[in-house]
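K.L.:
My questions all concern the structure below.
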Amino acid sequence: MTLSARKVAAVAALSAALAGCGGGGAGTPRDGGQARMGTHAASGPAAAPAAPSAPASPLPGAPGRAPTLAPGPGGLTPVFERTRQRADKAVALTFDADMTSDQGPRAASGERFDNPELISTLRRLQVPSTVFMTGRWAEEYPDQAKSIGTDPNFEIANHSYSHHAFKSPCYGLPTLDGDAARSDVEQAFAAFRKAGAVNTVPYFRFPGGCYDDRALRALAPAKVTAVQWDVVSGDAFAKDPNAVAEEVLAGVKPGSVVVMHCTRSAAPVTEEAIRKIVPELRKRGYRFVKVSELMGK
């Protein structure tokens with residue numbers, strides 16, 4: 001398969017994954033595939049300069065200090081995709097730990113939404129990483145959420161509680177209105193706190209990557225920075241770790257944010273791909289950083 005063909009396949013797989021984003025369900029994008037290749041649903045505000053610390057009044061349960069972006073026009077939630085600093089060959093690997101609010105029965109029947117082997121490999125290879133976790137995932141795997149959230153190698157960011165959409169349409173996901181969206185984010189932070197995770201940051205990733213100005217306005221009371229990406233790994237439902245590795249290696253630039261998954265059932269080859277990606281990027285002179293370090297540049 002050629003690289004361009006793999007890109008098409010990777011985007012198609014991501015589109016399918018975003019319907020459940022780690023849940024194993026297949027959905028059809030109905031809104032132009034807004035999460036593809038680091039783009040977003042509608043024109044949002046441009047990334048503003050990083051502020052020295054988190055806003056003064058985050059949601060209850062949210063973290064207190066970390067680099068954030070200044071609010072956009074009209075106080076809209078700011079959006080970060082990659083750093084403007086191009087000189088330092090730093091890259092942030094991010095992993096979505098996805099589980100929707102209604103997938104408990106599937107977990108009870110044996111489906112694995114976690115990936116402890118991946119976390120173990122990241123530790124062994126000493127790769128600082130940011131895990132975008134849903135609150136429902138933290139409830140299902142509290143010991144793992146605590147282990148990740150107390151390890152200085154990692155930081156936990158908010159991927160909502162329910163993994164419902166903040167904009168409609170969004171890959172068939174149920175949609176939250178403004179009040180419900182704010183409550184959903186707060187509930188996720190509370191789930192992290194209950195699990196004992198302390199290395200949390202005031203960052204948020206929209207389920208499905210779908211957002212517009214209305215979503216940014218609904219999220220504004222949370223005092224978080226929305227984090228997208230500029231490199232799609234194509235690991236969702238992938239069966240070939242070499243193809244995933246090649247996709248990442250072809251797309252990474254200084255300051256890139258790579259989106260991958262920490263859900264074994266929906267991204268089964270991610271851990272193997274990481275074992276190929278990490279040494280090759282290091283050979284090319286890259287160093288791995290958390291989103292908080294990349295945003296602080």
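Naming works like this for the structure tokens: A, B, ... for the chains as they're shown, residue 1 at the start of each chain, ligands 1 onward in shown order.
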Pick out the residues sitting within 9 Å of segment 122-125 of chain A, and hand them over as a ChimeraX atom specification; count only C-alpha atoms, and ignore anything fewer than 4 positions along from it in its own chain.
P.N.:
/A:117-118,129,153,271,274-275,278-279
K.L.:
Can you pull out every residue from segment 40-285 of chain A that DSSP, working from the backbone, puts in strand (DSSP E or B), and format the result as a VMD selection string?
P.N.:
chain A and resid 50 to 51 68 to 69 79 to 80 90 to 97 129 to 133 154 to 158 165 175 200 to 204 225 to 227 231 to 232 257 to 261
K.L.:
Pick from A:Gly178, A:Gly255, A:Gly104, A:Gly209: nearest to Glu140 of chain A, with only C-alpha atoms counted?
P.N.:
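Of A:Gly178, A:Gly255, A:Gly104, A:Gly209, the one nearest Glu140 of chain A is A:Gly104, counting only C-alpha atoms.
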K.L.:
Return the single residue from A:Ser256, A:Gln144, A:Thr134, A:Ser292 that is closest to Ala191 of chain A, with distances computed using only C-alpha atoms.
P.N.:
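Under the stated criterion, the closest residue is A:Thr134.
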K.L.:
Could you tell me how far atom CA of Ala97 of chain A lies from atom CA of Gly75 of chain A, in Å and to one decimal?
P.N.:
28.7 Å
K.L.:
Counting only C-alpha atoms, what is within 12 Å of Phe189 of chain A, bar same-chain residues fewer than 6 positions away, as a VMD selection string?
P.N.:
chain A and resid 58 to 64 132 to 139 145 149 156 to 162 182 to 183 195 to 204 222 224
K.L.:
Between atom CA of Ser168 of chain A and atom CA of Cys210 of chain A, what is the spacing in Å?
P.N.:
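Interatomic distance here is 8.0 Å.
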K.L.:
Please compute the atom CA of Thr68 of chain A-atom CA of Met99 of chain A distance, one decimal, in Å.
P.N.:
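Between these atoms lies a distance of 25.9 Å.
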K.L.:
So that I can see what lies close to Val227 of chain A, please list as a list of chain:residue names the residues with an atom at most 9 Å from it, counting only C-alpha atoms and leaving out residues fewer than 3 positions away in the same chain.
P.N.:
A:Pro78, A:Val79, A:Phe80, A:Glu81, A:Arg82, A:Tyr203, A:Phe204, A:Arg205, A:Phe206, A:Val257, A:Val291
K.L.:
Give the answer as one residue: which of A:Ala165, A:Lys276, A:Lys290, A:Phe113 has the shortest atom-to-atom distance to Ala90 of chain A, using only C-alpha atoms?
P.N.:
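The closest residue to Ala90 of chain A is A:Lys290.
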K.L.:
Write down as a PyMOL selection string the residues of segment 160-274 of chain A whose backbone DSSP state falls under alpha helix (DSSP H).
P.N.:
chain A and resi 178-195+213-219+241-251+270-274
K.L.:
For segment 126-231 of chain A against segment 243-252 of chain A, with a cut-off of 12 Å and counting only C-alpha atoms, what is the closest atom pair and its distance in Å to one decimal for every residue that makes the cut, ordered by chain and number, as CSV?
P.N.:
residue,atom,partner,partner_atom,distance
A:Trp229,CA,A:Val252,CA,10.7
A:Asp230,CA,A:Gly251,CA,8.1
A:Val231,CA,A:Gly251,CA,5.8
K.L.:
Which neighbours of Val289 of chain A fall inside 7 Å, counting only C-alpha atoms, when residues of the same chain fewer than 4 positions from it are skipped, and could you give them as a PyMOL selection string?
P.N.:
chain A and resi 90-92+128-129+293-294
K.L.:
Name the closest residue to Gly172 of chain A among the candidates A:Val131, A:Val269, A:Gly208, A:Arg84; distances are taken between atoms, counting only C-alpha atoms.
P.N.:
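Of A:Val131, A:Val269, A:Gly208, A:Arg84, the one nearest Gly172 of chain A, counting only C-alpha atoms, is A:Gly208.
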